[in-house]
>>> print(open('protein-v5.tsv').read())   # TSV, C-alpha atoms
chain	number	residue	atom	x	y	z
A	4	MET	CA	14.60	-10.82	-0.78
A	5	SER	CA	10.92	-9.97	-0.20
A	6	ALA	CA	9.81	-7.38	2.34
A	7	ILE	CA	8.57	-10.19	4.58
A	8	ASP	CA	12.00	-11.87	4.54
A	9	HIS	CA	13.50	-8.61	5.80
A	10	LEU	CA	11.03	-8.60	8.70
A	11	ILE	CA	11.94	-12.20	9.62
A	12	HIS	CA	15.61	-11.26	9.62
A	13	ALA	CA	14.97	-8.22	11.85
A	14	ASN	CA	13.10	-10.42	14.33
A	15	GLU	CA	16.32	-12.32	15.08
A	16	SER	CA	17.95	-9.18	16.51
A	17	TYR	CA	14.84	-8.35	18.53
A	18	VAL	CA	14.76	-11.80	20.13
A	19	ALA	CA	18.29	-11.28	21.45
A	20	THR	CA	17.26	-8.24	23.51
A	21	PHE	CA	13.64	-9.15	24.36
A	22	PRO	CA	13.01	-8.70	28.11
A	23	GLY	CA	10.97	-11.91	28.44
A	24	PRO	CA	7.39	-12.82	29.31
A	25	ARG	CA	4.83	-10.37	30.69
A	26	PRO	CA	1.29	-11.09	31.98
A	27	ILE	CA	-1.56	-11.39	29.49
A	28	ARG	CA	-3.56	-8.67	31.30
A	29	PRO	CA	-2.42	-5.19	30.19
A	30	LYS	CA	-0.54	-3.40	32.98
A	31	LEU	CA	-2.06	0.04	32.26
A	32	ARG	CA	-5.55	-1.48	31.94
A	33	THR	CA	-5.95	0.56	28.78
A	34	THR	CA	-7.11	-0.18	25.23
A	35	ILE	CA	-6.04	1.98	22.30
A	36	ILE	CA	-8.15	2.09	19.13
A	37	THR	CA	-6.46	3.64	16.13
A	38	CYS	CA	-5.88	3.50	12.38
A	39	MET	CA	-3.74	0.94	10.52
A	40	ASP	CA	-1.68	3.86	9.13
A	41	SER	CA	2.02	3.03	8.82
A	42	ARG	CA	3.16	6.23	10.52
A	43	LEU	CA	1.59	5.45	13.89
A	44	ASP	CA	4.10	3.67	16.11
A	45	LEU	CA	2.02	3.56	19.29
A	46	PHE	CA	4.78	2.12	21.47
A	47	GLY	CA	7.01	5.04	20.55
A	48	ALA	CA	4.38	7.77	20.35
A	49	LEU	CA	2.82	6.98	23.75
A	50	GLY	CA	5.84	5.57	25.57
A	51	LEU	CA	4.30	2.11	25.86
A	52	ASP	CA	6.24	-0.79	27.25
A	53	ILE	CA	5.69	-4.47	26.38
A	54	GLY	CA	2.53	-5.62	28.17
A	55	ASP	CA	1.05	-2.16	28.82
A	56	ALA	CA	-2.04	-1.83	26.59
A	57	HIS	CA	-4.21	-3.52	23.98
A	58	LEU	CA	-3.94	-2.07	20.48
A	59	ILE	CA	-6.92	-2.38	18.13
A	60	ARG	CA	-6.38	-1.05	14.62
A	61	ASN	CA	-8.37	-0.91	11.39
A	62	ALA	CA	-8.72	1.38	8.38
A	63	GLY	CA	-9.65	4.71	10.03
A	64	GLY	CA	-9.56	3.69	13.70
A	65	ILE	CA	-13.34	3.50	13.45
A	66	PRO	CA	-15.28	1.61	16.17
A	67	THR	CA	-16.92	-0.96	13.89
A	68	ASP	CA	-18.69	-3.99	15.34
A	69	ASP	CA	-15.42	-5.93	15.14
A	70	VAL	CA	-13.63	-3.23	17.13
A	71	LEU	CA	-16.42	-3.28	19.73
A	72	ARG	CA	-16.10	-7.10	19.88
A	73	SER	CA	-12.38	-6.76	20.57
A	74	LEU	CA	-12.92	-4.00	23.13
A	75	ALA	CA	-15.61	-6.03	24.91
A	76	ILE	CA	-13.16	-8.96	25.18
A	77	SER	CA	-10.41	-6.59	26.32
A	78	GLN	CA	-12.50	-5.26	29.21
A	79	ARG	CA	-14.53	-8.33	30.15
A	80	THR	CA	-11.87	-11.02	30.00
A	81	LEU	CA	-8.57	-9.14	30.27
A	82	GLY	CA	-9.31	-6.38	32.76
A	83	THR	CA	-8.87	-3.12	30.86
A	84	ARG	CA	-10.76	-0.01	32.01
A	85	GLU	CA	-9.67	3.07	30.03
A	86	VAL	CA	-10.09	3.61	26.27
A	87	VAL	CA	-8.09	5.87	23.97
A	88	ILE	CA	-9.28	6.57	20.42
A	89	ILE	CA	-6.69	8.13	18.10
A	90	HIS	CA	-7.49	9.33	14.60
A	91	HIS	CA	-4.86	11.14	12.54
A	92	THR	CA	-4.18	13.78	9.93
A	93	GLU	CA	-3.80	12.73	6.28
A	94	CYS	CA	-5.96	9.63	6.80
A	95	GLY	CA	-7.00	7.44	3.86
A	96	MET	CA	-10.57	7.47	5.22
A	97	ASP	CA	-10.76	11.27	4.86
A	98	GLY	CA	-13.12	11.76	1.94
A	99	PHE	CA	-13.34	8.01	1.33
A	100	ASP	CA	-16.48	6.89	-0.54
A	101	ASP	CA	-17.45	3.53	0.97
A	102	ASP	CA	-20.52	3.14	-1.27
A	103	ALA	CA	-18.39	3.49	-4.41
A	104	PHE	CA	-15.73	1.18	-2.94
A	105	ARG	CA	-18.25	-1.56	-2.16
A	106	ALA	CA	-19.82	-1.17	-5.60
A	107	GLN	CA	-16.38	-1.63	-7.17
A	108	LEU	CA	-15.66	-4.76	-5.11
A	109	THR	CA	-19.09	-6.17	-5.94
A	110	ALA	CA	-18.64	-5.52	-9.66
A	111	GLU	CA	-15.18	-7.12	-9.74
A	112	SER	CA	-15.80	-10.09	-7.46
A	113	GLY	CA	-19.53	-10.76	-7.78
A	114	ASP	CA	-19.64	-10.82	-3.98
A	115	GLU	CA	-21.13	-7.84	-2.15
A	116	PRO	CA	-19.22	-6.74	0.97
A	117	PRO	CA	-21.36	-6.76	4.14
A	118	TRP	CA	-19.85	-3.68	5.79
A	119	ARG	CA	-21.10	-0.09	5.87
A	120	VAL	CA	-18.18	2.00	7.08
A	121	PRO	CA	-18.31	5.48	5.54
A	122	GLY	CA	-15.31	7.79	5.41
A	123	PHE	CA	-15.38	11.25	6.97
A	124	THR	CA	-14.80	14.87	6.03
A	125	ASP	CA	-14.14	16.47	9.42
A	126	LEU	CA	-11.36	14.72	11.34
A	127	ARG	CA	-12.08	16.15	14.78
A	128	GLU	CA	-15.83	15.70	14.47
A	129	ASP	CA	-15.31	12.10	13.34
A	130	THR	CA	-13.06	11.43	16.33
A	131	ARG	CA	-15.75	12.77	18.66
A	132	ARG	CA	-18.34	10.59	16.93
A	133	SER	CA	-16.14	7.54	17.46
A	134	VAL	CA	-15.82	8.39	21.16
A	135	GLU	CA	-19.61	8.67	21.39
A	136	THR	CA	-20.03	5.29	19.70
A	137	VAL	CA	-17.95	3.63	22.41
A	138	ARG	CA	-19.54	5.64	25.22
A	139	SER	CA	-23.01	4.54	24.11
A	140	CYS	CA	-22.19	0.85	23.52
A	141	ALA	CA	-23.95	-1.32	26.09
A	142	TRP	CA	-21.57	-4.27	25.43
A	143	ILE	CA	-18.70	-2.27	26.95
A	144	PRO	CA	-18.85	-2.30	30.76
A	145	HIS	CA	-16.34	0.53	31.47
A	146	ARG	CA	-17.15	3.76	29.63
A	147	ASP	CA	-16.25	6.52	32.10
A	148	ASP	CA	-12.76	7.02	30.66
A	149	VAL	CA	-13.07	7.12	26.88
A	150	ARG	CA	-10.96	9.89	25.40
A	151	GLY	CA	-10.38	10.97	21.81
A	152	PHE	CA	-7.21	12.35	20.21
A	153	VAL	CA	-5.89	13.42	16.84
A	154	PHE	CA	-2.31	12.41	15.90
A	155	ASP	CA	-0.48	14.75	13.55
A	156	VAL	CA	1.56	12.60	11.14
A	157	ALA	CA	3.92	15.52	10.44
A	158	THR	CA	4.89	16.19	14.07
A	159	ALA	CA	3.71	13.05	15.98
A	160	ARG	CA	1.94	15.31	18.45
A	161	ILE	CA	-1.41	14.11	19.87
A	162	GLU	CA	-4.16	16.62	20.58
A	163	GLU	CA	-7.15	15.76	22.77
A	164	VAL	CA	-10.44	16.56	21.05
A	165	SER	CA	-13.09	14.77	23.12
B	10	MET	CA	-2.80	10.70	37.24
B	11	SER	CA	-4.70	8.29	34.99
B	12	ALA	CA	-2.96	5.86	32.63
B	13	ILE	CA	-4.03	8.04	29.72
B	14	ASP	CA	-2.41	11.13	31.25
B	15	HIS	CA	0.86	9.19	31.43
B	16	LEU	CA	0.60	8.44	27.70
B	17	ILE	CA	0.00	12.12	26.89
B	18	HIS	CA	3.08	13.05	28.89
B	19	ALA	CA	5.20	10.44	27.12
B	20	ASN	CA	4.09	11.81	23.75
B	21	GLU	CA	5.87	15.09	24.48
B	22	SER	CA	9.25	13.36	24.56
B	23	TYR	CA	8.48	11.44	21.37
B	24	VAL	CA	7.59	14.61	19.49
B	25	ALA	CA	11.04	16.04	20.26
B	26	THR	CA	12.80	13.20	18.40
B	27	PHE	CA	10.22	12.39	15.70
B	28	PRO	CA	11.92	12.24	12.28
B	29	GLY	CA	9.11	14.08	10.48
B	30	PRO	CA	6.56	13.30	7.79
B	31	ARG	CA	6.60	10.15	5.65
B	32	PRO	CA	4.42	9.26	2.64
B	33	ILE	CA	0.95	7.81	3.24
B	34	ARG	CA	1.74	4.75	1.07
B	35	PRO	CA	3.66	2.13	3.10
B	36	LYS	CA	7.29	1.87	1.96
B	37	LEU	CA	7.48	-1.94	2.28
B	38	ARG	CA	4.10	-2.33	0.55
B	39	THR	CA	3.16	-4.75	3.30
B	40	THR	CA	0.16	-5.17	5.61
B	41	ILE	CA	0.45	-6.96	8.94
B	42	ILE	CA	-2.63	-8.51	10.57
B	43	THR	CA	-2.22	-9.48	14.19
B	44	CYS	CA	-3.81	-9.61	17.64
B	45	MET	CA	-4.45	-6.64	19.95
B	46	ASP	CA	-2.30	-8.38	22.60
B	47	SER	CA	-0.21	-5.93	24.64
B	48	ARG	CA	3.00	-7.93	24.24
B	49	LEU	CA	3.23	-7.52	20.47
B	50	ASP	CA	5.31	-4.46	19.62
B	51	LEU	CA	5.41	-4.90	15.85
B	52	PHE	CA	7.81	-2.03	15.22
B	53	GLY	CA	10.32	-3.64	17.55
B	54	ALA	CA	9.65	-7.28	16.77
B	55	LEU	CA	9.90	-6.84	12.99
B	56	GLY	CA	12.32	-3.92	12.79
B	57	LEU	CA	9.71	-1.62	11.26
B	58	ASP	CA	10.42	2.03	10.65
B	59	ILE	CA	7.83	4.83	10.59
B	60	GLY	CA	5.95	4.57	7.28
B	61	ASP	CA	6.87	0.96	6.49
B	62	ALA	CA	3.68	-1.12	6.82
B	63	HIS	CA	-0.01	-1.07	7.67
B	64	LEU	CA	-0.92	-2.70	10.99
B	65	ILE	CA	-4.40	-4.18	11.40
B	66	ARG	CA	-5.17	-5.58	14.86
B	67	ASN	CA	-8.20	-7.12	16.58
B	68	ALA	CA	-8.88	-9.72	19.25
B	69	GLY	CA	-7.12	-12.80	17.85
B	70	GLY	CA	-5.66	-11.34	14.66
B	71	ILE	CA	-8.57	-13.02	12.90
B	72	PRO	CA	-9.46	-11.92	9.33
B	73	THR	CA	-13.02	-10.81	10.06
B	74	ASP	CA	-15.00	-8.81	7.50
B	75	ASP	CA	-13.69	-5.59	9.05
B	76	VAL	CA	-10.11	-6.80	8.68
B	77	LEU	CA	-10.78	-7.72	5.04
B	78	ARG	CA	-12.30	-4.25	4.53
B	79	SER	CA	-9.14	-2.66	5.90
B	80	LEU	CA	-6.88	-4.93	3.85
B	81	ALA	CA	-8.86	-4.21	0.68
B	82	ILE	CA	-8.37	-0.47	1.28
B	83	SER	CA	-4.69	-1.03	2.08
B	84	GLN	CA	-4.07	-2.78	-1.24
B	85	ARG	CA	-6.49	-0.94	-3.54
B	86	THR	CA	-5.97	2.63	-2.43
B	87	LEU	CA	-2.58	2.62	-0.70
B	88	GLY	CA	-0.49	0.24	-2.78
B	89	THR	CA	0.37	-2.67	-0.47
B	90	ARG	CA	1.12	-6.10	-1.97
B	91	GLU	CA	2.33	-8.53	0.70
B	92	VAL	CA	0.37	-9.73	3.74
B	93	VAL	CA	1.71	-11.06	7.05
B	94	ILE	CA	-0.63	-12.75	9.54
B	95	ILE	CA	0.77	-13.19	13.05
B	96	HIS	CA	-1.02	-15.12	15.78
B	97	HIS	CA	0.65	-15.73	19.12
B	98	THR	CA	1.06	-18.06	22.05
B	99	GLU	CA	-1.04	-17.51	25.19
B	100	CYS	CA	-3.79	-15.76	23.20
B	101	GLY	CA	-7.08	-14.78	24.82
B	102	MET	CA	-8.92	-16.32	21.84
B	103	ASP	CA	-7.43	-19.75	22.59
B	104	GLY	CA	-10.38	-21.73	23.92
B	105	PHE	CA	-12.64	-18.65	23.81
B	106	ASP	CA	-16.37	-19.46	23.60
B	107	ASP	CA	-17.88	-16.79	21.34
B	108	ASP	CA	-21.41	-18.24	21.62
B	109	ALA	CA	-21.34	-17.98	25.41
B	110	PHE	CA	-19.80	-14.50	25.20
B	111	ARG	CA	-22.50	-13.21	22.86
B	112	ALA	CA	-25.20	-14.79	25.02
B	113	GLN	CA	-23.77	-12.98	28.04
B	114	LEU	CA	-23.69	-9.62	26.21
B	115	THR	CA	-27.24	-10.16	24.96
B	116	ALA	CA	-28.52	-11.03	28.44
B	117	GLU	CA	-26.86	-8.00	30.04
B	118	SER	CA	-27.54	-5.39	27.36
B	119	GLY	CA	-30.68	-6.65	25.62
B	120	ASP	CA	-28.85	-6.09	22.34
B	121	GLU	CA	-27.55	-9.14	20.46
B	122	PRO	CA	-24.06	-8.75	18.96
B	123	PRO	CA	-23.97	-9.29	15.19
B	124	TRP	CA	-20.58	-11.01	15.01
B	125	ARG	CA	-19.70	-14.70	14.81
B	126	VAL	CA	-15.99	-14.96	15.61
B	127	PRO	CA	-15.21	-18.25	17.32
B	128	GLY	CA	-12.04	-18.83	19.30
B	129	PHE	CA	-9.64	-21.65	18.44
B	130	THR	CA	-7.99	-24.64	20.06
B	131	ASP	CA	-5.01	-25.23	17.74
B	132	LEU	CA	-2.89	-22.10	17.32
B	133	ARG	CA	-0.94	-23.19	14.24
B	134	GLU	CA	-3.99	-24.64	12.49
B	135	ASP	CA	-5.92	-21.44	13.20
B	136	THR	CA	-3.10	-19.35	11.75
B	137	ARG	CA	-3.18	-21.46	8.59
B	138	ARG	CA	-6.95	-21.07	8.40
B	139	SER	CA	-6.58	-17.28	8.65
B	140	VAL	CA	-4.04	-17.34	5.81
B	141	GLU	CA	-6.48	-19.36	3.70
B	142	THR	CA	-9.29	-16.87	4.43
B	143	VAL	CA	-7.20	-14.05	2.97
B	144	ARG	CA	-5.93	-16.16	0.05
B	145	SER	CA	-9.49	-17.02	-0.93
B	146	CYS	CA	-10.96	-13.53	-0.54
B	147	ALA	CA	-11.96	-12.11	-3.93
B	148	TRP	CA	-12.01	-8.52	-2.59
B	149	ILE	CA	-8.22	-8.66	-2.11
B	150	PRO	CA	-6.36	-8.14	-5.40
B	151	HIS	CA	-2.87	-9.31	-4.31
B	152	ARG	CA	-2.86	-12.76	-2.71
B	153	ASP	CA	0.38	-14.36	-3.93
B	154	ASP	CA	2.37	-13.32	-0.86
B	155	VAL	CA	0.25	-14.11	2.20
B	156	ARG	CA	2.32	-15.72	4.93
B	157	GLY	CA	1.40	-16.90	8.42
B	158	PHE	CA	3.50	-16.80	11.59
B	159	VAL	CA	3.22	-17.57	15.28
B	160	PHE	CA	4.80	-15.13	17.76
B	161	ASP	CA	6.03	-16.61	21.03
B	162	VAL	CA	5.22	-14.13	23.81
B	163	ALA	CA	7.94	-15.62	26.04
B	164	THR	CA	10.80	-15.24	23.55
B	165	ALA	CA	9.45	-12.81	20.88
B	166	ARG	CA	10.52	-15.26	18.19
B	167	ILE	CA	8.29	-15.59	15.11
B	168	GLU	CA	7.88	-18.99	13.47
B	169	GLU	CA	6.48	-19.36	9.95
B	170	VAL	CA	3.63	-21.88	9.82
B	171	SER	CA	1.96	-21.32	6.47
>>> encode(input="protein-v5.tsv", output="structure tokens")
Amino acid sequence: MSAIDHLIHANESYVATFPGPRPIRPKLRTTIITCMDSRLDLFGALGLDIGDAHLIRNAGGIPTDDVLRSLAISQRTLGTREVVIIHHTECGMDGFDDDAFRAQLTAESGDEPPWRVPGFTDLREDTRRSVETVRSCAWIPHRDDVRGFVFDVATARIEEVS
Amino acid sequence: MSAIDHLIHANESYVATFPGPRPIRPKLRTTIITCMDSRLDLFGALGLDIGDAHLIRNAGGIPTDDVLRSLAISQRTLGTREVVIIHHTECGMDGFDDDAFRAQLTAESGDEPPWRVPGFTDLREDTRRSVETVRSCAWIPHRDDVRGFVFDVATARIEEVS
């Protein structure tokens, strides 16, 4: 049985206890931007309920143009107002060399990736920079409540840094 | 108390029961690409445990260049092999007019968004198209197990469509 088949099987149990439909507009009017890392269960870590908040996730939790696109849709069409950015300890983007990575992909595929998303060396400073990126983005109408946190993957504790 | 302050408070309870550190490489060697929608609790819906799988999420669960960047990192540096793409019923990208949205942002901010991420009109067909995008992406080394599903936000049931 593949990993995916296990997930399909688990879904059957979940369906049996699912509380039913919730509105499309997030109840807490909040969007959370964080990393794809497998140790971040946002529903658990932040006490979220079904329907509470939008979750945007990529490698690093970095506010790329695609993240800003999603956040703009979240606020402009689905009514969110507050933004939480969570980076985390032991992140794969810590020390990541995007130039070398793109060069490798280009050499192997013959197709040069269009992105420029460098890694970081200072986790807290990078989190603050991500907060500033959102706060200075004119496509995002609500920027008064943008707050940055670091999640510790050893303890699950979040620490506010911006 | 703001919504974010409620999340910080909830984190304190989570920390008390957190099982502790897990490896950075996802145990199920699987990456899940899905929408930011607030009704998709992937840990619950798929029976995921801390450390099991990477979760990449944007508006629509659409494999944009930033999603492909994240997936390439997931496979090449963190050892994942299988890919699950989950779109869902009642999605904000269903019928979404990206051209009009970008024109609105440009008019209001004076700064034209760089993305081109159209909405869709046929949920299952769009899910299949997303699967094909990943299967045909030369930056992604492991493309044999890429499977597409639709999540029903009323029942939480996932249906395989590709």
>>> closest_atom_pairs(input="protein-v5.tsv", of="chain A", to="chain B", cutoff="7 Å", atoms="all atoms listed in the file", output="Markdown table")
| residue | atom | partner | partner_atom | distance |
| --- | --- | --- | --- | --- |
| A:Ala6 | CA | B:Leu37 | CA | 5.9 |
| A:Leu10 | CA | B:Leu55 | CA | 4.8 |
| A:Ile11 | CA | B:Leu55 | CA | 6.7 |
| A:Ala13 | CA | B:Gly56 | CA | 5.1 |
| A:Asn14 | CA | B:Leu55 | CA | 5.0 |
| A:Tyr17 | CA | B:Ala54 | CA | 5.6 |
| A:Val18 | CA | B:Ala165 | CA | 5.5 |
| A:Phe21 | CA | B:Ala165 | CA | 6.6 |
| A:Gly23 | CA | B:Ala163 | CA | 5.4 |
| A:Pro24 | CA | B:Ala163 | CA | 4.3 |
| A:Pro29 | CA | B:Ser47 | CA | 6.0 |
| A:Leu31 | CA | B:Ala12 | CA | 5.9 |
| A:Met39 | CA | B:Leu64 | CA | 4.6 |
| A:Asp40 | CA | B:His63 | CA | 5.4 |
| A:Ser41 | CA | B:Gly60 | CA | 4.5 |
| A:Arg42 | CA | B:Gly60 | CA | 4.6 |
| A:Asp44 | CA | B:Ile59 | CA | 6.8 |
| A:Phe46 | CA | B:Asp50 | CA | 6.9 |
| A:Gly47 | CA | B:Tyr23 | CA | 6.6 |
| A:Ala48 | CA | B:Asn20 | CA | 5.3 |
| A:Leu49 | CA | B:Leu16 | CA | 4.8 |
| A:Gly50 | CA | B:Ala19 | CA | 5.2 |
| A:Ile53 | CA | B:Arg48 | CA | 4.9 |
| A:Gly54 | CA | B:Ser47 | CA | 4.5 |
| A:Asp55 | CA | B:Ser47 | CA | 5.8 |
| A:Ala56 | CA | B:Ser47 | CA | 4.9 |
| A:His57 | CA | B:Ser47 | CA | 4.7 |
| A:Leu58 | CA | B:Met45 | CA | 4.6 |
| A:Ile59 | CA | B:Arg66 | CA | 4.9 |
| A:Arg60 | CA | B:Arg66 | CA | 4.7 |
| A:Asn61 | CA | B:Ile65 | CA | 5.1 |
| A:Ala62 | CA | B:Ser79 | CA | 4.8 |
| A:Asp69 | CA | B:Asp75 | CA | 6.3 |
| A:Val70 | CA | B:Asn67 | CA | 6.7 |
| A:Ser73 | CA | B:Ala68 | CA | 4.8 |
| A:Leu108 | CA | B:Trp148 | CA | 5.8 |
| A:Ser112 | CA | B:Ala147 | CA | 5.6 |
| A:Ala141 | CA | B:Ser118 | CA | 5.6 |
| A:Trp142 | CA | B:Leu114 | CA | 5.8 |
| A:Val156 | CA | B:Pro30 | CA | 6.1 |
| A:Ala157 | CA | B:Pro30 | CA | 4.3 |
| A:Thr158 | CA | B:Gly29 | CA | 5.9 |
| A:Ala159 | CA | B:Val24 | CA | 5.5 |
| A:Arg160 | CA | B:Val24 | CA | 5.8 |
>>> write_last_selection(input="protein-v5.tsv", atoms="C-alpha atoms", output="PDB file, keeping the file's coordinate frame")
ATOM      1  CA  ALA A   6       9.810  -7.380   2.340  1.00  0.00           C
ATOM      2  CA  LEU A  10      11.030  -8.600   8.700  1.00  0.00           C
ATOM      3  CA  ILE A  11      11.940 -12.200   9.620  1.00  0.00           C
ATOM      4  CA  ALA A  13      14.970  -8.220  11.850  1.00  0.00           C
ATOM      5  CA  ASN A  14      13.100 -10.420  14.330  1.00  0.00           C
ATOM      6  CA  TYR A  17      14.840  -8.350  18.530  1.00  0.00           C
ATOM      7  CA  VAL A  18      14.760 -11.800  20.130  1.00  0.00           C
ATOM      8  CA  PHE A  21      13.640  -9.150  24.360  1.00  0.00           C
ATOM      9  CA  GLY A  23      10.970 -11.910  28.440  1.00  0.00           C
ATOM     10  CA  PRO A  24       7.390 -12.820  29.310  1.00  0.00           C
ATOM     11  CA  PRO A  29      -2.420  -5.190  30.190  1.00  0.00           C
ATOM     12  CA  LEU A  31      -2.060   0.040  32.260  1.00  0.00           C
ATOM     13  CA  MET A  39      -3.740   0.940  10.520  1.00  0.00           C
ATOM     14  CA  ASP A  40      -1.680   3.860   9.130  1.00  0.00           C
ATOM     15  CA  SER A  41       2.020   3.030   8.820  1.00  0.00           C
ATOM     16  CA  ARG A  42       3.160   6.230  10.520  1.00  0.00           C
ATOM     17  CA  ASP A  44       4.100   3.670  16.110  1.00  0.00           C
ATOM     18  CA  PHE A  46       4.780   2.120  21.470  1.00  0.00           C
ATOM     19  CA  GLY A  47       7.010   5.040  20.550  1.00  0.00           C
ATOM     20  CA  ALA A  48       4.380   7.770  20.350  1.00  0.00           C
ATOM     21  CA  LEU A  49       2.820   6.980  23.750  1.00  0.00           C
ATOM     22  CA  GLY A  50       5.840   5.570  25.570  1.00  0.00           C
ATOM     23  CA  ILE A  53       5.690  -4.470  26.380  1.00  0.00           C
ATOM     24  CA  GLY A  54       2.530  -5.620  28.170  1.00  0.00           C
ATOM     25  CA  ASP A  55       1.050  -2.160  28.820  1.00  0.00           C
ATOM     26  CA  ALA A  56      -2.040  -1.830  26.590  1.00  0.00           C
ATOM     27  CA  HIS A  57      -4.210  -3.520  23.980  1.00  0.00           C
ATOM     28  CA  LEU A  58      -3.940  -2.070  20.480  1.00  0.00           C
ATOM     29  CA  ILE A  59      -6.920  -2.380  18.130  1.00  0.00           C
ATOM     30  CA  ARG A  60      -6.380  -1.050  14.620  1.00  0.00           C
ATOM     31  CA  ASN A  61      -8.370  -0.910  11.390  1.00  0.00           C
ATOM     32  CA  ALA A  62      -8.720   1.380   8.380  1.00  0.00           C
ATOM     33  CA  ASP A  69     -15.420  -5.930  15.140  1.00  0.00           C
ATOM     34  CA  VAL A  70     -13.630  -3.230  17.130  1.00  0.00           C
ATOM     35  CA  SER A  73     -12.380  -6.760  20.570  1.00  0.00           C
ATOM     36  CA  LEU A 108     -15.660  -4.760  -5.110  1.00  0.00           C
ATOM     37  CA  SER A 112     -15.800 -10.090  -7.460  1.00  0.00           C
ATOM     38  CA  ALA A 141     -23.950  -1.320  26.090  1.00  0.00           C
ATOM     39  CA  TRP A 142     -21.570  -4.270  25.430  1.00  0.00           C
ATOM     40  CA  VAL A 156       1.560  12.600  11.140  1.00  0.00           C
ATOM     41  CA  ALA A 157       3.920  15.520  10.440  1.00  0.00           C
ATOM     42  CA  THR A 158       4.890  16.190  14.070  1.00  0.00           C
ATOM     43  CA  ALA A 159       3.710  13.050  15.980  1.00  0.00           C
ATOM     44  CA  ARG A 160       1.940  15.310  18.450  1.00  0.00           C
TER      45      ARG A 160
END
>>> atom_distance(input="protein-v5.tsv", atom1="atom CA of Asp14 of chain B", atom2="atom CA of Arg131 of chain A")
18.4 Å
>>> closest_residue(input="protein-v5.tsv", among="B:Ile95, B:Glu134, B:Glu141, B:Gly128", to="Gly157 of chain B", atoms="only C-alpha atoms")
B:Ile95
>>> atom_distance(input="protein-v5.tsv", atom1="atom CA of Pro72 of chain B", atom2="atom CA of Phe129 of chain B")
13.3 Å
>>> atom_distance(input="protein-v5.tsv", atom1="atom CA of His96 of chain B", atom2="atom CA of Arg152 of chain B")
18.7 Å
>>> axis_aligned_box(input="protein-v5.tsv", around="segment 146-156 of chain A", padding_each_side="5 Å", output="JSON")
{"center_x": -7.8, "center_y": 9.3, "center_z": 21.6, "size_x": 28.7, "size_y": 21.0, "size_z": 31.0}
>>> residues_around(input="protein-v5.tsv", residues="Thr130 of chain B", least_positions_apart="4", cutoff="8 Å", atoms="all atoms listed in the file", output="MDAnalysis selection string")
chainID B and resid 103:104 135
